[in-house]
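> Sharing a structure, written as structure tokens. Questions coming.
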Amino acid sequence: MSRQKILNSLAAPLLAVAFSLVVVTIILFAFGSNVFEVFNAMAVYGTSPRSLTLMLNLATTYYISAVAVAIGFKMNLFNIGVNGQYMLGGMCAAAVAGSLNLPGVVAIPITIFVAIAVGAAWAGVAAWLKSARGVSEVISTIMLNFIALGLISYTIIRTNVGRPAALNVRGTEIIPPNGRMVGWNLLSPSIKVYGFIIVAILIGVLYWFVLNRTVFGYDLRASGLSASAASASGVNSKRMVVITMLISGGIAGMVGLPDLLGNDPYSYTLNFPSGYGFTGIAIALLGRNNPIGIAFGAILWAFLDVSSQILDIENVPREIVTIMQGVIVLAVVVAYELVRRNRVKSEQQNVGEALAQKESSAS
Amino acid sequence: MNTKSPSIRIFAFFISAMTLLSISRIFADTNDLTSRGTMAAAFGLAVPIGLAGLGGLWSERAGIVNIGLEGMMILGTFGAGWAGWQWGPWAGVLGAVTFGMLGALLFAIVTVSFGVDQIIAGTAINILGLGLAQFLAKLAFSNAPGGGQSQSPPVKGLLPSVTIDFIADPLNTLQQKGWFVISDLAGMFSGLFYHLSYLTILTVILFVLTGWTLWRTSFGLRLRSAGESPSAAETLGVNVIRYKYIAVIISGSLAGLAGAYLAIVGTNVYRGGQTAGRGYIGLATMIFGNWRPMGTGIGATVFGYIDTLQLRDNANIRGLVLFGALVLIALAFLGLRSGVRATSLAFLIIGSALVGGFLASTNMAPEVAQVAPYVTTLLVLATASQRLRPPATAGMAYRKGESH
Amino acid sequence: SSSNNDAGADVKVGLAYDTGGKGDGSFNDAAFAGLTKAQTDLGVEFKEVEAGLNSTDASREELLRLLADTGYNPVIAVGFLYGTALGNVAKEYPDVNFAIVDSVIDSPNVASLVFAAEQASYLVGVIAATASKSGRIGFIGGMEIPLIKNFEVGYNQGAQSVNPNIIIESKYMGPAGDNTAWNVPEKAKTATEGMIAKGVDVAYAAAGGSGLGMFQAIQAGGGPAKGLWAIGVDSDQYTIPSLADVKDVILTSALKRVDVSVYEVIKGVVDDAPLTGVQNFDLSRDGVGYATSNSSVEPFKAAADAAAEKIKSGEIVVKTAE
Amino acid sequence: MIDAPVAVKLAGIWKRFPGVIANSDINLDVRRGSVHAIVGENGAGKSTLMKILYGMQKPDEGTIAINGNEVIFHSPSDAIDAGIGMVHQHFMLADNLTVLENIILGSEPTKRGVINQQTALTRLTQLAQQYGLDVPFNSFVSELGVGARQRIEILKVLYRGASILILDEPTAVLVPHEVDELFSALSDLKAEGITILFISHKLDEVLAIADEISVIRAGSTVATVDPRTQKVSADDLAEMMVGSELPTPETRGSTVTDEVIIDVRNLSVLTAAGKPLVDDVSFKIHAGEILGIAGVEGNGQAEIVDALMGIIKSSGVLIYNGGDISKWSTRKRREQGFGFIPEDRMRQGLLLEAPLWENKMLGHQTLKPNSNGFLLTPADAKNDTARIIDEYDVRTPSIDVFASALSGGNQQKLIVGREMSSDPKFLLAAHPTRGVDVGAQSAIWDHLRKARESGLAVLLISADLDELIGLSDTIKVLLRGKFVADANPVTVTPQELGTAMTGVKKSDGIEAAS
Ligand SMILES: Nc1ncnc2c1ncn2[C@@H]1O[C@H](COP(=O)(O)OP(=O)(O)OP(=O)(O)O)[C@@H](O)[C@H]1O
Ligand SMILES: Nc1ncnc2c1ncn2[C@@H]1O[C@H](COP(=O)(O)OP(=O)(O)OP(=O)(O)O)[C@@H](O)[C@H]1O
Ligand SMILES: [Mg+2]
Ligand SMILES: [Mg+2]
């Protein structure tokens, strides 16, 4: 039974990946590339120890971002604002970390706390607007993303928080070595796996635990499945919106930390990577808001991103990978939908049979 | 107040707003606040947002939430750049619409026929649209003279634009006199007749046509019924699936058209990243506009207007701050008279703070101006009471024959 | 390709652009021009790569590493965003020659190609102030990052040297960090229109792909016939094919000779005398300048050239942003 | 009448769903101009058969003949073209469209695609007058009550000029006075030669209106009787349907004690616009007492329930076990012994896409055995679910299936079991047996009676007046948010009660509200 279940839940994503490979093959073929060579190059390059390390590092970031999105999704809150939340959270955390000269055991928790607090506060604006003023979080978080950029730009360009980090680069004070969370050379001697991966795993475990093992998690899931039933069961829906949004924002606040604490230049600069928030949405959806599913989604996404680097060298437009990612998301949901329909059908069949049995045994 | 007819009230509201705007213009000393150029540019920036919003409206009216507008719009910019480069601007428009429609068709297949989660499918379309456009751009433009990996060669020729001089010019002269209220009205109306691209005119027509089609024709009623209660529609013999397909495809073609505007009128090339999130902002204006064409149009125009203000002149933003303050204070007094104490007091305090900000600042950080459109949107939404009525089944999958 | 000279036949050049780079009609295209010149003159082979959307330092590093790993030498990174990444890769491949534009990396095998963009901007500032009849000129920037701020500072200083009372309108297309700022020509158009409405008659853009909007606004406003001029940046934009439609309004361009620098780097490798250390491309080295391909600039050349001499001699020191 | 030609002939209809045979070899002849009733327990296959006749579902086997011509329907529009109209068991209305739009949808009078509102309005006004079906054509459906909605459904059908009318449980949500209005309209239609297929679980209604009655059991027709000539009683019909006697909700003896459990003082609920929905209502319920509230749907019952549960804002004082609990949250109320059987189980009672054992926790998630207040205890919850399934005869293969897979009656049994298991002191039961078949009904009644005996205080709301009269110790009549009358359940008849609900007059069993 349980093995059957595992097989079932694996079947859909595997089918989807296979399908997207077919689509990409057709596209590549149509534009005259040597399909086999391309895939081979990606596979060889993508599985080198360096690439695998990069993949893990990128997946760490993606994972945190996706969990932040997923927790909102679980109660039908669409937090498009992860981007703004992590950038603002990352900047403030970097500013604080850069000013601290304390041992790591103290400095790192403080840094993480600041990131969480700022991310939550920024999401809190959207939460307040929704619960007190009825403003759709979809609109408010889109707007808040842009406003966050303005705030960051202002802070780094016009206040003492910003300083020249290198020629033509402005950013926060560089975080002293104590405050960093560099990581270990697990797979490759030349590159380290981010230390923050531990935190990401912790976040995943906590996410699972809170959602499935606590009353709060039950309330949250109930609100997502049926707001009216949840409120009749004693869930205060406004409070739930606020708390969930704050948690989502708090997790989002940490999205920038793996890069910030684990890689050069150990400073939040104006070129800090943007767009992790949107990737998080896709991965949360791909992983169906499930902590393990998201982990697989993040790793797959990161693998594709990393291995796509080789494509320029192979004279194939790298965007073929973006296409593949889009197709995978589409194909996965279609496959899941087919599996779901099957499940409903067989469940109803079981119910029907159970009914029939009882009836015949009764008469 | 309550006894007056709605049209008189709207008129009174409009005139009061214009009066406050005029006061702000004079005190902030920025005639540009209501100039013809500002209005014309505001329309220009509003068109792609409004078209995206209108696209969202079509699809959501039939019960399909379309987060994928951004992706369809990106496909549109590519289609416009590519076809426009080959065969000229009108071909570009056609190309954009076609590409937007293709994106929408895929979206419709998975959401309508397979019934998968619309948010997920929309997100996938955004990723796919971006990837496809960039992929095709690399193939099509990399080696074209004047093109690059992420930029098309220029579109062949320009779309014509019209200025109705005999209306626009006298109004403009009036505007430049700087008379209280009158000049402001003149300036804003003048903008309606000045440097209008054919696509802008088309957009206005499409807004009117949308309202008319959806609320006056049997086609529109059936389409809306597919979003309000597909099971009821089905029992009356309406082919729900077909209407959903049509709505989504129209949605995609409008998003494509929004892309065409950017690549043909806004500038004359396709550029990667050119949509700059406007699909999402369009979606926001649609919600802002309560899923109605008029409201969506107003939302897009307000957004375009404020963005224009900040782009044209930082001083405009001071005028805007003053205007916002005056509106809040006026609302506060109205509210106090009808006894809404707490909110009115809050408005009064915020309004006074804004006046203070206006007086204290002679020069604002550019960031303040840059985020003004977004902040204003939030403030408007937070102060306006939200009585939104989304289509009843928007976002829900519909399966034929499974209604109880 | 046909090469007049195949001294560099065994040299393979790797060139990395930043996101959405090639085809911008300015900075990245200048790098490409240098590359093609090297190809025709020296017969080198080359490979171009581009950082993807949402690139990180780690992914940029991999891109450079892949080039170095697959035998490309020299490896040239176009843009300061490659700074951190190139620093790391250069350490690992001591036998490969690297070069980076707009950043400084302290490593024996790296040529840091820095440009005195403020000097070029000073010169076009002089031209703008001289050409302006209204006493109001404009500046359109992409994002207000230090690199772009230098353009503005130099431009202002040059203009004020001609007319201390000149009014300079300045506008950036988005807050720093908002990467869309380089790709929104319609916003640059609106901003320029606003400037024209306030009486600006000469405008200068350092805004990547958005700059096109400024040209279009100047053209729509009547262009030279109405005394309106635009000034381009980085490449000689008057001669860029993608800008052929609007070339008439481009009075001159502030040149940042990335093409020259790229060519020099390649030539150095071909000649077995690779460029290293900080290579300061300033006026004295003809690494920056202003374009004269539009003959309309003739009347202003005297003033600009005089300023250039003073800068070279040190009589004038052009300020930078930081 | 009996000799009138056959308008609808269903022959050898089979329809199978996964795991169930909904229709097995059904044969049915319906004569023109007659009212033909179809009865059968829940799930017997009535609705399925009607959907087949209306083209919504395709039969696996069998034929349909209309007026002697064999037809094949691919969709409802084919059926509409053949002159068939159907009023569905659940309202098929779009809340955000106007009444007019709802009615003309799919058959709009148009001129080059543009809807001609005037034509539609003229025709509808005339139809409405003719059959006494009064509805505000330009209002949104969301603003209307159930009675008006039912009239809209019938107008929809008449507007299309149907000559064969299918009415699937049209009276389930109507009060007696509305039922009378409906029946008088049906008589008019019949007189015009229109054929009516009528489904209802209320057997007395069926006997009152039908010319012929077909009984369906487990998907097949077991009998067709003519109540005009053959003598059949409701009990006879019930026996044909289920093979057992009709249950009654009669309670024996009073268990009311002196202990006041709940004391509601001056409860009011306002709309956003400030209009009162519940207007200064006061009442007390003692341990062991069932207080029934009678009223036409939409007169404030739902709001009283939601206000007592703390789900919506209200004013007034709520005393529970002697303490003022007006400020308590819903959760606190539930933790302190409020049980809740909601009126709409899909909306307020269940998480459809969650397994049964998680549904069992709903509303009691902070209490044992579901949790220790902070952490869930799934193992205990599952055990307890298994117990409920067993005790309350919930028919399901396991506790892991989704609630959506259960039939309505079984869902309701699960809810009743869940609420009773938490040892409530005060139970709010809204329509506890709505849409539930006779077997499950009597089981639910038994559970309520048992709990009452052991000292539970119950607030009962029901549209089924027999149920209300049978179970309640006290009845209050609610009209426009106010109590307008008290009824003595021992003496009052459903007819009297129904009249009082519309505020018309007082009679024996009815006194002015105390
Ligand atoms: N679409 C469907 N898919 C699967 N099973 C169905 C479907 N529709 C009906 N059924 C099954 O067919 C049986 C007959 O259902 P139907 O709705 O016809 O009953 P009914 O007699 O109308 O009952 P009620 O009195 O509750 O309305 C039910 O037991 C149900 O299990
Ligand atoms: N449209 C439908 N699509 C899928 N399944 C359906 C549909 N209608 C009913 N079912 C299934 O049929 C079964 C019975 O449904 P229904 O509510 O008609 O039960 P019922 O037989 O009337 O039961 P009860 O007597 O308990 O009310 C359930 O398993 C339900 O999920
Ligand atoms: Mg049923
Ligand atoms: Mg039925």
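For the structure tokens, the naming scheme is as follows: chains receive sequential letters (A, B, ...) according to their order of presentation, residues are indexed from 1 within each chain, and ligands are indexed from 1 in presentation order.
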When you look at Glu48 of chain C with a cut-off of 8 Å (counting only C-alpha atoms), what residues show up, excluding the ones that are within fewer than 6 positions of it in the same chain? I need them as JSON, numbers by chain.
{"A": [312], "C": [14, 15, 16, 17]}
> Restrict the distance test to only C-alpha atoms, flag each residue of chain C within 10 Å of chain B, and return the flagged residues as a VMD selection string.
chain C and resid 19 to 25 29 50 53 144 169 to 176 178 to 198 209 to 210 212 to 213 216 to 217 220 240 to 245
> Keeping only N, CA and C atoms, write those residues as a short mmCIF file (atom, residue, chain, number, x, y, z; two decimals), in the first residue's frame.

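Result saved to result.cif:
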data_model
loop_
_atom_site.label_atom_id
_atom_site.label_comp_id
_atom_site.auth_asym_id
_atom_site.auth_seq_id
_atom_site.Cartn_x
_atom_site.Cartn_y
_atom_site.Cartn_z
N THR C 19 23.81 40.26 -18.33
CA THR C 19 22.42 39.97 -18.72
C THR C 19 21.90 40.94 -19.78
N GLY C 20 21.35 40.38 -20.83
CA GLY C 20 20.72 41.21 -21.85
C GLY C 20 21.68 42.17 -22.49
N GLY C 21 22.95 41.79 -22.55
CA GLY C 21 23.97 42.75 -22.94
C GLY C 21 24.02 43.08 -24.41
N LYS C 22 24.38 42.07 -25.19
CA LYS C 22 24.69 42.37 -26.57
C LYS C 22 23.45 42.89 -27.30
N GLY C 23 23.67 43.91 -28.10
CA GLY C 23 22.55 44.49 -28.81
C GLY C 23 22.02 45.74 -28.15
N ASP C 24 22.70 46.19 -27.09
CA ASP C 24 22.21 47.37 -26.40
C ASP C 24 22.55 48.66 -27.14
N GLY C 25 23.32 48.54 -28.18
CA GLY C 25 23.65 49.73 -28.95
C GLY C 25 24.62 50.65 -28.24
N ASP C 29 27.87 46.51 -27.03
CA ASP C 29 28.15 46.47 -28.46
C ASP C 29 29.55 47.00 -28.76
N GLU C 50 26.69 34.92 -22.20
CA GLU C 50 25.95 35.99 -21.54
C GLU C 50 25.37 35.48 -20.23
N LEU C 53 19.27 35.57 -16.79
CA LEU C 53 18.43 36.39 -15.91
C LEU C 53 18.64 35.92 -14.47
N GLU C 144 20.61 54.64 -10.28
CA GLU C 144 21.59 55.53 -9.67
C GLU C 144 22.65 54.71 -8.94
N GLU C 169 18.46 69.16 -15.43
CA GLU C 169 17.40 68.25 -14.96
C GLU C 169 17.96 66.84 -15.02
N SER C 170 17.70 66.08 -13.97
CA SER C 170 18.22 64.72 -14.00
C SER C 170 17.15 63.73 -13.55
N LYS C 171 17.13 62.60 -14.18
CA LYS C 171 16.09 61.61 -13.85
C LYS C 171 16.65 60.21 -14.04
N TYR C 172 16.40 59.37 -13.06
CA TYR C 172 16.78 57.96 -13.18
C TYR C 172 15.53 57.12 -13.41
N MET C 173 15.68 56.03 -14.13
CA MET C 173 14.51 55.25 -14.57
C MET C 173 13.97 54.30 -13.51
N GLY C 174 14.69 54.15 -12.43
CA GLY C 174 14.18 53.28 -11.37
C GLY C 174 15.14 53.31 -10.22
N PRO C 175 14.69 52.84 -9.08
CA PRO C 175 15.60 52.79 -7.95
C PRO C 175 16.71 51.79 -8.22
N ALA C 176 17.85 52.00 -7.58
CA ALA C 176 18.95 51.06 -7.77
C ALA C 176 18.49 49.68 -7.35
N ASP C 178 16.49 47.86 -9.27
CA ASP C 178 15.36 47.53 -10.14
C ASP C 178 15.89 47.35 -11.56
N ASN C 179 16.17 46.09 -11.89
CA ASN C 179 16.86 45.84 -13.15
C ASN C 179 16.05 46.18 -14.39
N THR C 180 14.76 46.43 -14.22
CA THR C 180 13.98 46.80 -15.38
C THR C 180 14.37 48.19 -15.88
N ALA C 181 15.07 48.95 -15.04
CA ALA C 181 15.39 50.34 -15.40
C ALA C 181 16.16 50.46 -16.71
N TRP C 182 16.88 49.42 -17.08
CA TRP C 182 17.66 49.48 -18.33
C TRP C 182 16.81 49.16 -19.56
N ASN C 183 15.61 48.71 -19.34
CA ASN C 183 14.80 48.19 -20.46
C ASN C 183 13.48 48.90 -20.66
N VAL C 184 13.37 50.12 -20.17
CA VAL C 184 12.08 50.80 -20.28
C VAL C 184 12.19 52.09 -21.08
N PRO C 185 12.43 51.94 -22.40
CA PRO C 185 12.58 53.15 -23.21
C PRO C 185 11.36 54.07 -23.15
N GLU C 186 10.16 53.47 -23.00
CA GLU C 186 8.99 54.34 -22.98
C GLU C 186 8.98 55.24 -21.77
N LYS C 187 9.62 54.80 -20.68
CA LYS C 187 9.69 55.68 -19.51
C LYS C 187 10.72 56.79 -19.75
N ALA C 188 11.82 56.42 -20.39
CA ALA C 188 12.81 57.44 -20.71
C ALA C 188 12.20 58.48 -21.65
N LYS C 189 11.35 58.01 -22.53
CA LYS C 189 10.67 58.92 -23.45
C LYS C 189 9.82 59.90 -22.66
N THR C 190 9.03 59.37 -21.74
CA THR C 190 8.18 60.24 -20.93
C THR C 190 9.00 61.24 -20.14
N ALA C 191 10.09 60.76 -19.55
CA ALA C 191 10.93 61.65 -18.76
C ALA C 191 11.51 62.76 -19.64
N THR C 192 11.96 62.37 -20.83
CA THR C 192 12.54 63.37 -21.73
C THR C 192 11.48 64.38 -22.15
N GLU C 193 10.30 63.90 -22.44
CA GLU C 193 9.22 64.82 -22.80
C GLU C 193 8.98 65.83 -21.69
N GLY C 194 9.02 65.33 -20.46
CA GLY C 194 8.84 66.23 -19.32
C GLY C 194 9.93 67.28 -19.29
N MET C 195 11.14 66.85 -19.59
CA MET C 195 12.26 67.81 -19.59
C MET C 195 12.07 68.84 -20.70
N ILE C 196 11.68 68.35 -21.88
CA ILE C 196 11.47 69.28 -22.99
C ILE C 196 10.40 70.30 -22.60
N ALA C 197 9.36 69.81 -21.93
CA ALA C 197 8.29 70.72 -21.52
C ALA C 197 8.83 71.79 -20.58
N LYS C 198 9.84 71.47 -19.82
CA LYS C 198 10.42 72.47 -18.93
C LYS C 198 11.49 73.31 -19.60
N GLY C 209 19.44 50.24 -22.55
CA GLY C 209 18.41 50.15 -23.57
C GLY C 209 17.34 51.21 -23.44
N SER C 210 17.21 51.80 -22.25
CA SER C 210 16.19 52.83 -22.08
C SER C 210 16.54 54.10 -22.85
N LEU C 212 17.18 54.70 -25.78
CA LEU C 212 16.45 54.83 -27.04
C LEU C 212 15.25 55.76 -26.89
N GLY C 213 14.58 55.66 -25.74
CA GLY C 213 13.40 56.49 -25.51
C GLY C 213 13.74 57.98 -25.55
N GLN C 216 14.02 59.04 -29.10
CA GLN C 216 12.70 59.13 -29.74
C GLN C 216 11.95 60.37 -29.29
N ALA C 217 12.09 60.73 -28.02
CA ALA C 217 11.39 61.91 -27.53
C ALA C 217 11.95 63.17 -28.17
N ALA C 220 10.69 63.24 -31.67
CA ALA C 220 9.28 63.60 -31.73
C ALA C 220 9.06 65.06 -31.39
N ILE C 240 25.35 53.43 -34.97
CA ILE C 240 24.82 52.10 -34.61
C ILE C 240 23.61 51.77 -35.50
N PRO C 241 23.63 50.63 -36.17
CA PRO C 241 22.53 50.32 -37.11
C PRO C 241 21.15 50.35 -36.46
N SER C 242 21.04 49.85 -35.23
CA SER C 242 19.71 49.77 -34.64
C SER C 242 19.16 51.15 -34.31
N LEU C 243 20.03 52.15 -34.34
CA LEU C 243 19.55 53.50 -34.03
C LEU C 243 19.45 54.37 -35.29
N ALA C 244 19.52 53.72 -36.44
CA ALA C 244 19.52 54.49 -37.70
C ALA C 244 18.32 55.42 -37.80
N ASP C 245 17.18 54.98 -37.28
CA ASP C 245 15.97 55.80 -37.38
C ASP C 245 16.08 57.14 -36.65
#
> Would you mind listing, as a list of chain:residue names, all residues of chain B that have at least one atom within 6 Å of chain D, where only C-alpha atoms are what counts?
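Filtering chain B at 6 Å from chain D with only C-alpha atoms gives B:Arg216, B:Thr217, B:Ser218, B:Glu228, B:Ser229, B:Ala232, B:Thr235, B:Leu236, B:Gly237, B:Val238.
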> Within 9 Å of chain D, which residues of chain A come that close, and what is the closest atom pair and distance in Å for each? Count only C-alpha atoms and give it as CSV.

residue,atom,partner,partner_atom,distance
A:Val210,CA,D:Leu375,CA,8.7
A:Asn212,CA,D:Leu376,CA,7.9
A:Arg213,CA,D:Leu376,CA,5.1
A:Thr214,CA,D:Leu375,CA,4.2
A:Val215,CA,D:Phe374,CA,5.4
A:Phe216,CA,D:Phe374,CA,7.4
A:Tyr218,CA,D:Gln365,CA,7.7
A:Asp219,CA,D:Gln365,CA,8.1
A:Ala222,CA,D:Leu351,CA,6.9
A:Leu225,CA,D:Leu351,CA,6.1
A:Ser226,CA,D:Leu351,CA,6.2
A:Ala227,CA,D:Arg347,CA,8.5
A:Ser228,CA,D:Gln348,CA,5.4
A:Ala229,CA,D:Gln348,CA,3.8
A:Ala230,CA,D:Gln348,CA,7.4
A:Ser231,CA,D:Ile311,CA,6.7
A:Ala232,CA,D:Gln348,CA,5.9
A:Ser233,CA,D:Gly363,CA,3.7
A:Gly234,CA,D:Arg331,CA,4.0
A:Val235,CA,D:Arg331,CA,6.8
A:Asn236,CA,D:Thr330,CA,8.0
A:Val344,CA,D:Ala405,CA,7.4
A:Lys345,CA,D:Pro18,CA,6.7
A:Ser346,CA,D:Pro18,CA,7.5
A:Glu347,CA,D:Ala405,CA,6.6
A:Gln348,CA,D:Ala405,CA,5.5
A:Gln349,CA,D:Gly19,CA,4.1
A:Asn350,CA,D:Pro397,CA,6.2
A:Val351,CA,D:Thr396,CA,5.3
A:Gly352,CA,D:Gly19,CA,4.5
A:Glu353,CA,D:Gly19,CA,5.7
A:Ala354,CA,D:Pro397,CA,5.2
A:Leu355,CA,D:Arg395,CA,5.9
A:Ala356,CA,D:Val20,CA,8.1
A:Lys358,CA,D:Arg395,CA,7.9
> As number ranges by chain, list the residues of segment 148-180 of chain C assigned to strand (DSSP E or B) by DSSP on the backbone atoms of this structure.
C: 167-174
> Residues of the last selection are to be written out with N, CA and C atoms, as a compact mmCIF listing (two decimals), in the first residue's frame.

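File result_2.txt, as written:
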# COMPACT_ATOMS: atom_id res chain seq x y z
N ILE C 167 20.89 75.12 -15.79
CA ILE C 167 20.01 74.26 -14.98
C ILE C 167 20.05 72.85 -15.57
N ILE C 168 20.31 71.89 -14.72
CA ILE C 168 20.40 70.51 -15.22
C ILE C 168 19.32 69.67 -14.58
N GLU C 169 18.46 69.16 -15.43
CA GLU C 169 17.40 68.25 -14.96
C GLU C 169 17.96 66.84 -15.02
N SER C 170 17.70 66.08 -13.97
CA SER C 170 18.22 64.72 -14.00
C SER C 170 17.15 63.73 -13.55
N LYS C 171 17.13 62.60 -14.18
CA LYS C 171 16.09 61.61 -13.85
C LYS C 171 16.65 60.21 -14.04
N TYR C 172 16.40 59.37 -13.06
CA TYR C 172 16.78 57.96 -13.18
C TYR C 172 15.53 57.12 -13.41
N MET C 173 15.68 56.03 -14.13
CA MET C 173 14.51 55.25 -14.57
C MET C 173 13.97 54.30 -13.51
N GLY C 174 14.69 54.15 -12.43
CA GLY C 174 14.18 53.28 -11.37
C GLY C 174 15.14 53.31 -10.22
> I'd like the neighbourhood of segment 210-218 of chain D as a VMD selection string, where a residue qualifies if any of its atoms comes within 8 Å (using only C-alpha atoms), though same-chain residues fewer than 6 positions away should be ignored.
chain D and resid 22 to 23 28 34 to 41 43 to 46 198 224 to 228 237 240 to 242
> How many Å separate atom CA of Gly92 of chain B from atom CA of Gly79 of chain B?
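So the two atoms, atom CA of Gly92 of chain B and atom CA of Gly79 of chain B, lie 6.5 Å apart.
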> What are the residues of chain A that have an atom within 8 Å of an atom of chain C, counting only C-alpha atoms, as a PyMOL selection string?
chain A and resi 54+149-150+152-154+157+164+166-170+264-265+270-276+306+309-310+312-313+318
> Which is closest to chain B among A:Thr60, A:Asn263, A:Ser20, A:Ser223, if we use only C-alpha atoms?
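Ranking A:Thr60, A:Asn263, A:Ser20, A:Ser223 by distance to chain B, first place goes to A:Ser20.
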> For atom CA of Tyr238 of chain C and atom CA of Ile137 of chain C, determine how far apart the two atoms are, in Å to one decimal place.
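Calculated distance between atom CA of Tyr238 of chain C and atom CA of Ile137 of chain C is 19.8 Å.
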> What's around segment 282-287 of chain B at 8 Å? Count only C-alpha atoms, leave out sequence neighbours fewer than 5 positions away in its own chain, and write the answer as an MDAnalysis selection string.
(chainID A and resid 138:139) or (chainID B and resid 48:54 56:57 67 69 292:293 295:297 299:300 388)
> Only C-alpha atoms, please: the residues just picked out, written as a PDB file, in the first residue's frame.

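File written: part-v7.pdb
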ATOM      1  CA  VAL A 138      -2.018  39.987  -4.443  1.00  0.00           C
ATOM      2  CA  ILE A 139      -2.064  43.704  -5.181  1.00  0.00           C
TER       3      ILE A 139
ATOM      4  CA  PRO B  48      -0.228  48.500 -21.750  1.00  0.00           C
ATOM      5  CA  ILE B  49      -1.296  48.200 -18.126  1.00  0.00           C
ATOM      6  CA  GLY B  50      -4.925  48.775 -19.018  1.00  0.00           C
ATOM      7  CA  LEU B  51      -4.827  46.252 -21.847  1.00  0.00           C
ATOM      8  CA  ALA B  52      -3.333  43.646 -19.561  1.00  0.00           C
ATOM      9  CA  GLY B  53      -6.000  44.440 -16.987  1.00  0.00           C
ATOM     10  CA  LEU B  54      -8.692  44.158 -19.615  1.00  0.00           C
ATOM     11  CA  GLY B  56      -7.448  39.665 -17.030  1.00  0.00           C
ATOM     12  CA  LEU B  57     -11.020  40.868 -16.877  1.00  0.00           C
ATOM     13  CA  ILE B  67      -1.821  35.113 -13.569  1.00  0.00           C
ATOM     14  CA  LEU B  69      -0.809  37.705 -18.368  1.00  0.00           C
ATOM     15  CA  ARG B 292     -15.219  46.079 -14.560  1.00  0.00           C
ATOM     16  CA  PRO B 293     -13.827  47.810 -17.645  1.00  0.00           C
ATOM     17  CA  GLY B 295     -12.812  50.683 -13.033  1.00  0.00           C
ATOM     18  CA  THR B 296      -9.897  48.888 -14.676  1.00  0.00           C
ATOM     19  CA  GLY B 297      -9.426  51.782 -17.079  1.00  0.00           C
ATOM     20  CA  GLY B 299      -7.041  52.201 -12.242  1.00  0.00           C
ATOM     21  CA  ALA B 300      -4.606  51.990 -15.145  1.00  0.00           C
ATOM     22  CA  LEU B 388     -15.189  43.783  -4.376  1.00  0.00           C
TER      23      LEU B 388
END
> I want to know what sits within 10 Å of His447 of chain D, based on only C-alpha atoms, with residues of the same chain fewer than 3 positions away left out; could you give that as number ranges by chain?
D: 392, 416-417, 420, 442-444, 450-453
> Between C:Trp229, C:Phe281, C:Tyr290, C:Tyr155, which is the closest to Val101 of chain C once you count only C-alpha atoms?
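Checking each candidate against Val101 of chain C, we get C:Phe281 as the closest.
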